[in-house]
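Peer 1: What follows is data.cif, made up of mmCIF, C-alpha atoms:
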```cif
data_upload
#
loop_
_atom_site.label_atom_id
_atom_site.label_comp_id
_atom_site.auth_asym_id
_atom_site.auth_seq_id
_atom_site.Cartn_x
_atom_site.Cartn_y
_atom_site.Cartn_z
CA MET L 1 20.91 37.52 -2.92
CA SER L 2 18.15 39.09 -5.02
CA ASP L 3 15.03 40.36 -3.27
CA GLN L 4 12.96 38.49 -5.86
CA LYS L 5 11.84 35.19 -4.35
CA ASP L 6 10.30 32.15 -6.01
CA ASN L 7 7.27 30.47 -4.49
CA LEU L 8 8.14 27.19 -2.78
CA ILE L 9 5.70 24.44 -3.78
CA ILE L 10 4.77 22.33 -0.76
CA PHE L 11 3.96 18.78 -1.89
CA ASP L 12 2.51 16.87 1.05
CA THR L 13 2.67 13.07 0.96
CA THR L 14 1.38 12.35 4.49
CA LEU L 15 -1.51 10.32 3.05
CA ARG L 16 0.75 8.27 0.76
CA ASP L 17 4.36 7.97 1.94
CA GLY L 18 3.41 8.96 5.48
CA GLU L 19 0.81 6.22 5.72
CA GLN L 20 3.54 3.72 4.89
CA SER L 21 4.87 4.11 8.43
CA PRO L 22 4.83 0.65 10.02
CA GLY L 23 1.54 0.10 11.83
CA VAL L 24 -0.28 3.09 10.33
CA THR L 25 -3.56 2.52 8.49
CA LEU L 26 -5.98 5.37 7.85
CA ASN L 27 -9.54 4.76 6.72
CA THR L 28 -11.24 6.89 4.09
CA GLU L 29 -12.96 9.27 6.51
CA GLU L 30 -9.70 9.88 8.38
CA LYS L 31 -7.88 10.59 5.12
CA ILE L 32 -10.54 13.09 4.08
CA GLN L 33 -10.35 14.80 7.47
CA ILE L 34 -6.56 15.16 7.18
CA ALA L 35 -6.86 16.29 3.54
CA ARG L 36 -9.27 19.08 4.54
CA GLN L 37 -6.86 20.26 7.21
CA LEU L 38 -3.92 20.22 4.78
CA SER L 39 -5.98 22.32 2.38
CA ARG L 40 -6.64 24.88 5.13
CA LEU L 41 -2.93 24.79 5.99
CA GLY L 42 -2.15 25.99 2.45
CA VAL L 43 -0.48 22.89 0.96
CA ASN L 44 0.05 23.33 -2.79
CA VAL L 45 0.00 19.69 -3.89
CA LEU L 46 -1.49 16.74 -1.98
CA GLU L 47 -0.40 13.23 -2.90
CA ALA L 48 -3.63 11.59 -1.80
CA GLY L 49 -2.54 7.99 -2.24
CA PHE L 50 -1.54 5.14 -4.53
CA PRO L 51 -4.88 4.40 -6.27
CA VAL L 52 -3.94 1.01 -7.76
CA ALA L 53 -2.95 -0.38 -4.35
CA SER L 54 -6.52 -1.39 -3.44
CA PRO L 55 -10.15 -0.45 -4.08
CA GLY L 56 -10.14 1.27 -0.69
CA ASP L 57 -7.20 3.47 -1.65
CA PHE L 58 -8.80 4.28 -5.00
CA ASN L 59 -12.03 5.28 -3.27
CA ALA L 60 -10.21 7.51 -0.77
CA VAL L 61 -8.23 9.32 -3.48
CA GLN L 62 -11.33 9.77 -5.61
CA ARG L 63 -13.36 11.21 -2.73
CA ILE L 64 -10.53 13.58 -1.81
CA ALA L 65 -10.39 14.75 -5.43
CA ARG L 66 -14.13 15.40 -5.45
CA GLU L 67 -14.71 16.70 -1.92
CA VAL L 68 -11.44 18.42 -0.99
CA GLY L 69 -10.02 19.38 -4.39
CA PRO L 70 -12.46 22.30 -4.94
CA LEU L 71 -12.12 23.78 -1.41
CA MET L 72 -10.79 27.32 -0.98
CA GLU L 73 -11.34 27.91 2.75
CA GLY L 74 -8.19 29.39 4.27
CA ARG L 75 -6.45 29.55 0.89
CA THR L 76 -7.24 33.13 -0.14
CA GLY L 77 -5.76 36.49 0.80
CA ASP L 78 -2.32 38.09 1.05
CA GLY L 79 0.43 35.56 1.53
CA ARG L 80 -1.84 32.62 0.71
CA VAL L 81 -1.81 30.27 -2.27
CA ASN L 82 -5.06 31.67 -3.79
CA GLN L 83 -5.88 28.57 -5.84
CA GLU L 84 -7.19 25.08 -5.28
CA MET L 85 -4.93 22.34 -4.00
CA VAL L 86 -3.57 20.00 -6.68
CA ILE L 87 -4.67 16.40 -5.99
CA CYS L 88 -2.05 13.88 -7.05
CA GLY L 89 -2.05 10.11 -7.45
CA LEU L 90 1.07 7.90 -7.55
CA ALA L 91 1.62 5.32 -10.30
CA ARG L 92 4.31 2.88 -11.31
CA SER L 93 5.46 2.99 -14.93
CA VAL L 94 2.68 0.60 -15.91
CA PRO L 95 -0.29 1.62 -18.11
CA HIS L 96 -2.91 0.19 -15.71
CA ASP L 97 -1.39 2.08 -12.76
CA ILE L 98 -1.36 5.33 -14.70
CA GLN L 99 -4.92 4.97 -15.96
CA THR L 100 -6.16 4.10 -12.47
CA ALA L 101 -4.36 7.10 -10.94
CA TYR L 102 -5.95 9.40 -13.53
CA ASP L 103 -9.42 7.94 -12.94
CA ALA L 104 -9.01 8.61 -9.22
CA VAL L 105 -7.84 12.24 -9.43
CA LYS L 106 -9.50 13.53 -12.61
CA ASP L 107 -12.51 15.11 -10.85
CA ALA L 108 -10.34 17.56 -8.89
CA PRO L 109 -10.20 21.03 -10.49
CA ARG L 110 -6.41 20.70 -10.46
CA HIS L 111 -4.92 17.21 -10.66
CA ARG L 112 -1.60 15.48 -11.29
CA ILE L 113 -0.24 12.03 -12.08
CA HIS L 114 3.04 11.10 -10.39
CA VAL L 115 4.91 8.41 -12.33
CA PHE L 116 8.05 6.73 -11.02
CA LEU L 117 10.69 4.28 -12.25
CA ALA L 118 14.01 3.33 -10.65
CA THR L 119 17.22 4.48 -12.34
CA SER L 120 19.99 3.20 -10.07
CA ASP L 121 21.98 0.26 -11.42
CA ILE L 122 21.24 -1.84 -8.34
CA HIS L 123 17.47 -1.39 -8.84
CA LEU L 124 17.63 -1.95 -12.59
CA GLU L 125 19.64 -5.15 -12.23
CA PHE L 126 18.14 -6.80 -9.18
CA LYS L 127 14.59 -5.42 -8.89
CA LEU L 128 13.40 -4.51 -12.38
CA LYS L 129 15.82 -6.74 -14.31
CA ILE L 130 16.01 -4.34 -17.24
CA SER L 131 18.86 -2.53 -18.99
CA ARG L 132 19.47 1.20 -19.02
CA GLU L 133 18.18 1.35 -22.59
CA GLN L 134 14.98 -0.42 -21.61
CA CYS L 135 14.61 1.98 -18.68
CA LEU L 136 14.80 5.00 -20.99
CA GLN L 137 12.28 3.44 -23.38
CA ARG L 138 9.83 2.77 -20.56
CA ILE L 139 10.17 6.32 -19.21
CA SER L 140 9.40 7.72 -22.66
CA GLU L 141 6.37 5.50 -23.18
CA MET L 142 4.85 5.77 -19.71
CA VAL L 143 5.36 9.50 -19.16
CA GLY L 144 4.00 10.00 -22.68
CA PHE L 145 0.93 7.92 -21.85
CA ALA L 146 0.35 9.88 -18.63
CA LYS L 147 0.68 13.13 -20.59
CA SER L 148 -2.06 11.97 -22.97
CA LEU L 149 -4.41 11.87 -19.98
CA CYS L 150 -3.29 14.82 -17.87
CA ALA L 151 -1.36 18.07 -18.40
CA ASP L 152 0.38 18.06 -14.99
CA ILE L 153 2.87 15.18 -14.87
CA GLU L 154 5.54 14.50 -12.26
CA PHE L 155 8.30 11.97 -12.85
CA SER L 156 10.49 10.45 -10.13
CA PRO L 157 13.62 8.40 -10.85
CA GLU L 158 13.48 6.11 -7.81
CA ASP L 159 16.79 5.85 -5.92
CA ALA L 160 18.12 8.92 -7.73
CA GLY L 161 20.52 9.51 -4.85
CA ARG L 162 22.45 6.37 -5.80
CA SER L 163 22.02 6.63 -9.58
CA ASP L 164 24.82 7.45 -12.01
CA PRO L 165 24.51 11.25 -12.48
CA SER L 166 25.19 11.09 -16.23
CA PHE L 167 22.52 8.43 -16.79
CA LEU L 168 20.17 10.36 -14.51
CA CYS L 169 20.52 13.45 -16.74
CA GLU L 170 19.72 11.27 -19.75
CA ALA L 171 16.66 9.74 -18.07
CA LEU L 172 15.32 13.11 -16.96
CA ALA L 173 15.78 14.57 -20.43
CA VAL L 174 13.68 11.71 -21.83
CA ALA L 175 10.97 12.41 -19.22
CA ILE L 176 10.93 16.11 -20.11
CA LYS L 177 10.65 15.35 -23.82
CA ALA L 178 7.76 12.96 -23.08
CA GLY L 179 5.86 15.69 -21.20
CA ALA L 180 6.93 15.77 -17.55
CA THR L 181 6.43 19.15 -15.88
CA THR L 182 7.97 18.33 -12.48
CA LEU L 183 11.09 16.23 -11.87
CA ASN L 184 11.34 14.81 -8.38
CA ILE L 185 14.77 13.63 -7.18
CA PRO L 186 14.34 11.04 -4.40
CA ASP L 187 17.04 10.10 -1.92
CA THR L 188 15.05 6.91 -1.47
CA VAL L 189 17.17 5.30 1.24
CA GLY L 190 18.29 8.46 3.06
CA TYR L 191 21.90 7.92 2.00
CA ASN L 192 23.02 11.35 0.78
CA THR L 193 24.67 14.12 2.79
CA PRO L 194 23.48 17.72 2.34
CA GLN L 195 26.60 18.53 0.30
CA GLU L 196 26.03 15.53 -1.98
CA TYR L 197 22.30 16.09 -2.41
CA GLY L 198 22.64 19.82 -3.05
CA ALA L 199 25.40 19.17 -5.59
CA LEU L 200 23.21 16.57 -7.32
CA ILE L 201 20.31 19.01 -7.72
CA LYS L 202 22.71 21.63 -9.10
CA HIS L 203 24.31 19.13 -11.50
CA LEU L 204 20.95 17.94 -12.83
CA ARG L 205 19.67 21.46 -13.39
CA GLU L 206 22.82 22.45 -15.25
CA ASN L 207 23.26 19.30 -17.33
CA THR L 208 19.77 18.02 -18.20
CA GLU L 209 18.42 19.02 -21.59
CA GLY L 210 15.20 21.00 -21.12
CA ALA L 211 15.77 21.57 -17.38
CA ASP L 212 14.71 25.22 -17.62
CA SER L 213 11.17 24.18 -18.57
CA VAL L 214 10.40 22.08 -15.47
CA VAL L 215 10.25 22.34 -11.69
CA PHE L 216 12.83 20.34 -9.74
CA SER L 217 11.62 18.71 -6.53
CA THR L 218 13.21 17.16 -3.45
CA HIS L 219 12.13 13.93 -1.74
CA CYS L 220 14.37 12.95 1.17
CA HIS L 221 14.26 10.20 3.77
CA ASN L 222 15.57 10.47 7.30
CA ASP L 223 17.58 7.25 7.70
CA LEU L 224 20.67 9.24 8.75
CA GLY L 225 18.73 12.11 10.31
CA LEU L 226 19.47 14.41 7.36
CA ALA L 227 16.12 14.66 5.56
CA THR L 228 15.43 18.30 6.45
CA ALA L 229 19.05 19.35 5.91
CA ASN L 230 19.13 17.62 2.51
CA THR L 231 15.84 19.25 1.48
CA LEU L 232 17.13 22.71 2.42
CA ALA L 233 20.32 22.00 0.46
CA GLY L 234 18.11 21.14 -2.51
CA ILE L 235 16.25 24.45 -2.18
CA SER L 236 19.53 26.35 -2.04
CA ASN L 237 20.59 24.66 -5.27
CA GLY L 238 17.45 25.36 -7.27
CA ALA L 239 14.71 22.93 -6.20
CA ARG L 240 11.39 24.72 -6.02
CA GLN L 241 9.16 21.89 -4.80
CA VAL L 242 9.65 19.91 -1.58
CA GLU L 243 7.99 16.58 -0.82
CA VAL L 244 7.24 16.41 2.89
CA THR L 245 4.96 14.93 5.55
CA ILE L 246 3.37 16.24 8.73
CA ASN L 247 5.51 15.25 11.74
CA GLY L 248 8.00 13.70 9.31
CA ILE L 249 6.15 10.37 9.35
CA GLY L 250 6.95 7.81 6.68
CA GLU L 251 8.69 4.58 5.73
CA ARG L 252 11.48 3.42 8.09
CA ALA L 253 12.94 6.54 9.80
CA GLY L 254 10.46 8.82 8.08
CA ASN L 255 10.35 11.63 5.53
CA THR L 256 11.27 15.29 5.58
CA SER L 257 9.09 17.16 8.07
CA LEU L 258 6.85 19.79 6.46
CA GLU L 259 6.86 22.04 9.51
CA GLU L 260 10.66 21.95 9.83
CA VAL L 261 11.30 23.00 6.22
CA VAL L 262 8.70 25.77 6.27
CA MET L 263 9.87 27.21 9.59
CA ASN L 264 13.50 27.18 8.41
CA VAL L 265 12.47 29.25 5.40
CA HIS L 266 10.21 31.37 7.60
CA THR L 267 12.90 32.01 10.24
CA HIS L 268 15.72 32.65 7.75
CA PRO L 269 14.08 34.77 5.03
CA HIS L 270 17.46 36.05 3.81
CA SER L 271 19.06 32.61 3.58
CA TYR L 272 16.76 30.95 1.04
CA PRO L 273 15.59 32.36 -2.33
CA VAL L 274 12.02 31.19 -1.77
CA GLN L 275 8.85 32.16 0.04
CA HIS L 276 6.00 29.94 1.26
CA THR L 277 2.22 30.33 1.45
CA ILE L 278 1.61 28.08 4.46
CA ASN L 279 -0.50 29.21 7.42
CA THR L 280 2.06 28.29 10.07
CA ARG L 281 -0.39 28.97 12.91
CA LEU L 282 -2.14 25.71 12.01
CA PHE L 283 0.99 23.57 12.49
CA PHE L 284 0.31 22.47 16.04
CA SER L 285 -3.32 21.50 15.51
CA THR L 286 -2.47 19.76 12.22
CA SER L 287 0.33 17.85 13.93
CA ARG L 288 -2.02 16.72 16.68
CA MET L 289 -4.66 15.65 14.16
CA VAL L 290 -2.16 13.46 12.29
CA GLU L 291 -0.84 12.09 15.58
CA ASP L 292 -4.34 11.26 16.82
CA LEU L 293 -5.58 9.63 13.62
CA SER L 294 -2.39 7.81 12.65
CA GLY L 295 -1.45 6.63 16.14
CA MET L 296 2.13 7.79 15.49
CA ALA L 297 3.19 9.65 18.63
CA VAL L 298 5.23 12.83 18.18
CA GLN L 299 8.41 12.71 20.27
CA ALA L 300 8.35 15.29 23.02
CA ASN L 301 11.47 17.10 21.81
CA LYS L 302 10.44 17.11 18.12
CA ALA L 303 11.34 20.43 16.51
CA ILE L 304 8.46 22.90 16.00
CA VAL L 305 5.55 20.69 17.17
CA GLY L 306 6.94 18.56 20.02
CA ARG L 307 5.37 19.11 23.43
CA ASN L 308 8.71 20.35 24.81
CA ALA L 309 9.56 22.59 21.86
CA PHE L 310 8.70 25.76 23.80
CA LEU L 311 9.19 24.57 27.39
CA HIS L 312 12.07 25.77 29.56
CA GLU L 313 13.13 23.96 32.74
CA SER L 314 16.63 25.32 33.29
CA GLY L 315 16.53 28.13 35.86
CA ILE L 316 18.85 30.28 33.75
CA HIS L 317 16.65 29.77 30.69
CA GLN L 318 13.46 30.46 32.64
CA ASP L 319 14.91 33.67 34.01
CA GLY L 320 15.91 34.81 30.54
CA VAL L 321 12.56 33.99 28.95
CA LEU L 322 10.66 35.79 31.71
CA LYS L 323 12.73 38.89 31.04
CA ASN L 324 12.65 38.66 27.26
CA LYS L 325 11.38 35.63 25.31
CA GLN L 326 13.89 36.23 22.53
CA THR L 327 16.73 35.26 24.86
CA TYR L 328 15.92 31.56 24.31
CA GLU L 329 13.10 31.44 21.74
CA ILE L 330 13.87 31.93 18.03
CA ILE L 331 10.25 31.20 17.05
CA ARG L 332 7.20 32.68 18.72
CA PRO L 333 5.04 29.79 19.98
CA GLU L 334 1.91 31.47 18.64
CA ASP L 335 3.40 31.50 15.12
CA VAL L 336 3.06 27.71 14.99
CA GLY L 337 -0.23 27.51 16.87
CA VAL L 338 1.04 27.01 20.42
CA THR L 339 -1.14 29.45 22.31
CA THR L 340 -0.74 31.08 25.68
CA GLY L 341 -3.91 33.14 25.45
CA ASN L 342 -5.57 34.94 28.31
CA LEU L 343 -9.00 33.41 27.73
CA ALA L 344 -9.51 31.26 30.84
CA LEU L 345 -12.09 28.50 30.45
CA GLY L 346 -14.02 27.03 33.35
CA LYS L 347 -17.42 25.68 34.29
CA HIS L 348 -19.07 29.07 33.71
CA SER L 349 -17.79 29.39 30.13
CA GLY L 350 -20.37 29.18 27.37
CA ARG L 351 -20.36 27.87 23.81
CA HIS L 352 -19.04 31.15 22.38
CA ALA L 353 -15.95 31.20 24.58
CA PHE L 354 -15.44 27.49 23.99
CA LYS L 355 -15.67 27.93 20.22
CA THR L 356 -13.29 30.89 20.31
CA LYS L 357 -10.73 28.89 22.25
CA LEU L 358 -11.02 26.02 19.75
CA GLU L 359 -10.41 28.46 16.91
CA ASP L 360 -7.38 29.89 18.72
CA LEU L 361 -6.01 26.36 18.98
CA GLY L 362 -6.53 25.72 15.26
CA TYR L 363 -9.74 23.71 15.47
CA GLY L 364 -12.05 26.19 13.78
CA GLY L 365 -14.05 25.76 10.59
CA PRO L 366 -14.18 22.21 9.22
CA ALA L 367 -11.63 20.84 11.69
CA LEU L 368 -14.59 19.64 13.77
CA THR L 369 -18.05 18.73 12.51
CA ASP L 370 -21.12 20.14 14.24
CA VAL L 371 -21.68 16.79 15.93
CA GLN L 372 -18.08 16.69 17.13
CA PHE L 373 -18.30 20.28 18.40
CA GLN L 374 -21.44 19.54 20.44
CA ALA L 375 -19.87 16.36 21.86
CA ALA L 376 -16.72 18.29 22.71
CA PHE L 377 -18.69 20.99 24.50
CA VAL L 378 -20.50 18.40 26.66
CA LYS L 379 -17.17 16.77 27.56
CA PHE L 380 -15.69 20.20 28.29
CA LYS L 381 -18.47 21.02 30.74
CA ASP L 382 -17.98 17.70 32.52
CA LEU L 383 -14.23 18.32 32.71
CA ALA L 384 -14.63 21.91 33.91
CA ASP L 385 -16.91 20.77 36.73
CA SER L 386 -14.24 18.37 37.96
CA LYS L 387 -11.25 20.79 37.81
CA LYS L 388 -10.59 23.59 40.24
CA SER L 389 -7.74 25.13 38.25
CA GLY L 390 -9.58 25.60 34.98
CA VAL L 391 -9.27 23.85 31.63
CA THR L 392 -5.82 24.13 30.05
CA ASP L 393 -4.82 24.15 26.38
CA GLY L 394 -3.45 20.66 26.92
CA ASP L 395 -6.85 19.57 28.20
CA MET L 396 -8.47 21.04 25.08
CA HIS L 397 -6.14 19.19 22.72
CA ALA L 398 -6.80 15.94 24.58
CA LEU L 399 -10.53 16.59 24.55
CA VAL L 400 -10.57 17.11 20.76
CA ALA L 401 -8.54 13.94 20.26
CA ASP L 402 -10.99 11.99 22.40
CA VAL L 403 -14.01 13.31 20.50
CA ARG L 404 -12.44 12.47 17.15
CA SER L 405 -11.63 8.96 18.29
CA SER L 406 -15.14 8.45 19.63
CA THR L 407 -16.91 9.67 16.49
CA MET L 408 -14.64 7.66 14.23
CA ALA L 409 -15.33 4.54 16.29
CA ALA L 410 -19.06 5.20 16.14
CA GLY L 411 -18.91 5.27 12.35
CA SER L 412 -20.05 7.84 9.84
CA SER L 413 -22.44 8.19 6.94
CA ALA L 414 -19.77 6.89 4.57
CA PRO L 415 -19.79 3.20 3.61
CA PRO L 416 -17.63 0.97 5.81
CA MET L 417 -14.14 0.38 4.44
CA GLU L 418 -14.68 -3.36 4.37
CA ASP L 419 -17.69 -2.88 2.07
CA VAL L 420 -15.68 -0.73 -0.29
CA GLU L 421 -12.80 -3.20 -0.34
CA ARG L 422 -15.21 -6.06 -1.14
CA GLY L 423 -16.30 -4.11 -4.22
CA SER L 424 -19.84 -3.33 -3.03
CA ALA L 425 -22.33 -1.22 -4.95
CA THR L 426 -20.95 1.90 -3.28
CA SER L 427 -17.73 1.67 -5.30
CA THR L 428 -19.23 1.74 -8.78
CA ASP L 429 -16.64 4.28 -9.91
CA LEU L 430 -13.78 1.81 -9.51
CA PRO L 431 -12.17 0.34 -12.62
CA GLU L 432 -13.93 -2.81 -13.81
CA ASP L 433 -11.02 -4.97 -12.69
CA ALA L 434 -10.65 -3.26 -9.32
CA HIS L 435 -11.30 -6.54 -7.51
CA GLU L 436 -8.09 -7.85 -9.03
CA LEU L 437 -5.89 -5.04 -7.73
CA GLN L 438 -5.20 -6.71 -4.39
CA ALA L 439 -3.86 -9.80 -6.13
CA GLU L 440 -0.50 -8.07 -6.43
CA PRO L 441 0.93 -7.95 -2.87
CA GLY L 442 3.96 -5.98 -4.04
CA VAL L 443 1.78 -3.09 -5.15
CA VAL L 444 0.41 -2.05 -1.79
CA ARG L 445 3.34 -0.11 -0.36
CA PHE L 446 5.99 1.83 -2.26
CA THR L 447 8.52 4.38 -1.14
CA LEU L 448 10.45 6.74 -3.37
#
```
What does this structure look like when you write it as C-alpha cells?
Peer 2:
Amino acid sequence: MSDQKDNLIIFDTTLRDGEQSPGVTLNTEEKIQIARQLSRLGVNVLEAGFPVASPGDFNAVQRIAREVGPLMEGRTGDGRVNQEMVICGLARSVPHDIQTAYDAVKDAPRHRIHVFLATSDIHLEFKLKISREQCLQRISEMVGFAKSLCADIEFSPEDAGRSDPSFLCEALAVAIKAGATTLNIPDTVGYNTPQEYGALIKHLRENTEGADSVVFSTHCHNDLGLATANTLAGISNGARQVEVTINGIGERAGNTSLEEVVMNVHTHPHSYPVQHTINTRLFFSTSRMVEDLSGMAVQANKAIVGRNAFLHESGIHQDGVLKNKQTYEIIRPEDVGVTTGNLALGKHSGRHAFKTKLEDLGYGGPALTDVQFQAAFVKFKDLADSKKSGVTDGDMHALVADVRSSTMAAGSSAPPMEDVERGSATSTDLPEDAHELQAEPGVVRFTL
C-alpha cells in the first residue's frame, strides 16, 4: 500500500439521524452544546438537522450555522482539520425542502445541502409511486436546483443497498451531471454484509460516469450489527467520507459509531489508505455529553467508550496488565480520554486543580459555561467534604452531568422551544410558511 494517504471526511449526523433514536428529543440549546463539542472534536461535516421538519428544527440548524459554523477552537495545528466545520441540512427532493435547508445553513462560512431520493424498486413502487424514469428526472431537477443555491451538494440514493446496481450507476451519473459533489451510499435498513457493501462501493466508483470528480460516502445502519464493518469495507474500496454518530445512536439499532471507525483507522494505520483529523482524546467526554443530553445510555461493554472498555476483572488479565498494559490493551485509555492521572482531588483542592482535572477529562474550554463551572465547583466541594477516599474520575463525570442537567432545567437566555415552535417573534428568520411545516407528519423523521 502506498504511503500517501487520503484524508477521511468525518460526517457526523448525531443531531439528525442520531436524534431519530426512539425517545430522544434534543432542544436547541442542547443541540448547540453538542455541536460545539463536535467542532472541538474535529468533525469535518456536521449534519445539523432536517430544517423543514419543524420551526424548532429550522431554528436549531440556523443557530448552529451562525454560532458554531465559524468556530476554530481545537481545529488548528498539526494533524487537525485547520478549517471551519461544514454545516449541512437534509432535504427531500422537493423544492421547498431544499430552499428551507439552504436558508437554515447559508450563514455558516462553509455549508452544504444534502438531498436524498430513494432508488430501490420497492421504494419507487410502494412509497414514491414513480417510475425509474421519473426518479432520474427528479434527481436531475432537484440536485440542479440545490446547486443553484449552494456549491457543496451531497446526494443520497435512499436504500442504495437494495437498489439495482446498474440503475444506481445511472442515477448517480445524473446527480453528478446536475452538480452533486458528494455521493452518499446508504445501507438504509442495515441489510448488506461487508463483502456486499464493499463490492457495491467499488462497482459504483468503477462504473458511474463522472465518478472521479466526486467523493463517495458511506452511511450504514446496525440492524445486523455490521455498521462499523460495512463502513470500513467502504473505506477499503474507495469511500472517503463516512457518515457516523457518537455512540452509534440512531434509528432502530443505530448508525455506525464515529469512535469505532476512527479508532480502527487509528489503530491500524497500515490497513486503511486514509488518515483522520479527529482529536481522539475527546471521545470519552463527548460520548458522556451525548449520553447525558440524549438520555441514551451507553452499554457498559460498548467498544471504545463503554465503562468496561478498559476494565479487567480476570486475575490472569489483571496480572498481565500490571506487568505490561500492552498484554491486554490494544488502545491506551488516555488516547480516547479515559484518564488515570495522578492529580488527586479532595476537600483541600482549589479552583485551579479542579479546572485542570476537568480539562484532563475533556471538559475544558466551551464544554462548560462559566456558570456551569462555578456550580460544578460548589458541588465538588460538597462532595469532597463527604468522601474520605477522594473524588474519582467517575465522580467528576457524574458531577458534570448533574450540572448540565440542572442548568438545562433552569432554562437559558435562549427563547423557550415552545415559543419558537409557535412561531413567536423570536423566529423571524423562518420561512413565511414555517407555521405550515408541521402539517406534514411524515416529514418529521427520516432515515437514510
Peer 1: CA of Ala367 in chain L and CA of Thr14 in chain L, how far apart in Å?
Peer 2: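 These atoms are spaced 17.1 Å apart.
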Peer 1: List the neighbours of range 80-93 of chain L out to 7 Å using all atoms listed in the file; skip same-chain residues closer than 2 positions along the sequence, and give me the result as a PyMOL selection string.
Peer 2: chain L and resi 39+42-51+65+69-72+75-78+95+97-98+101+105+108+110-117+142+277-278
Peer 1: Under the PyMOL selection byres ((chain L and resi 165) around 12), which residues of this model are included? Write them out as an MDAnalysis selection string.
Peer 2: chainID L and resid 119:121 157 159:164 166:172 185 196:197 199:208
Peer 1: One number please: CA of Gly337 in chain L to CA of Ser287 in chain L, in Å, one decimal.
Peer 2: 10.1 Å
Peer 1: Hey, can you check how far CA of Asn308 in chain L sits from CA of Glu291 in chain L?
Peer 2: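 Answer for the CA of Asn308 in chain L to CA of Glu291 in chain L separation: 15.6 Å.
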Peer 1: Can you turn the PyMOL selection byres ((chain L and resi 248) around 12) into a concrete residue list for this file, as a PyMOL selection string?
Peer 2: chain L and resi 12-15+17-21+219-223+225-228+243-247+249-261+287+290-291+296-299+302-306
Peer 1: Using all atoms listed in the file for the distances, tell me which of L:His123, L:Arg240, L:Lys106, L:Lys5 is nearest to Thr188 in chain L.
Peer 2: L:His123
Peer 1: Which residue, L:Gly346, L:Leu136, L:Asp6, L:Ala375, has the smallest gap to Lys388 in chain L when you use only C-alpha atoms?
Peer 2: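 Using only C-alpha atoms, Lys388 in chain L sits closest to L:Gly346.
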Peer 1: Find the residues near Ser285 in chain L: any atom within 7 Å, counting all atoms listed in the file, skip ones fewer than 5 places away on the same chain, and give them as a ChimeraX atom specification.
Peer 2: /L:337,361-363
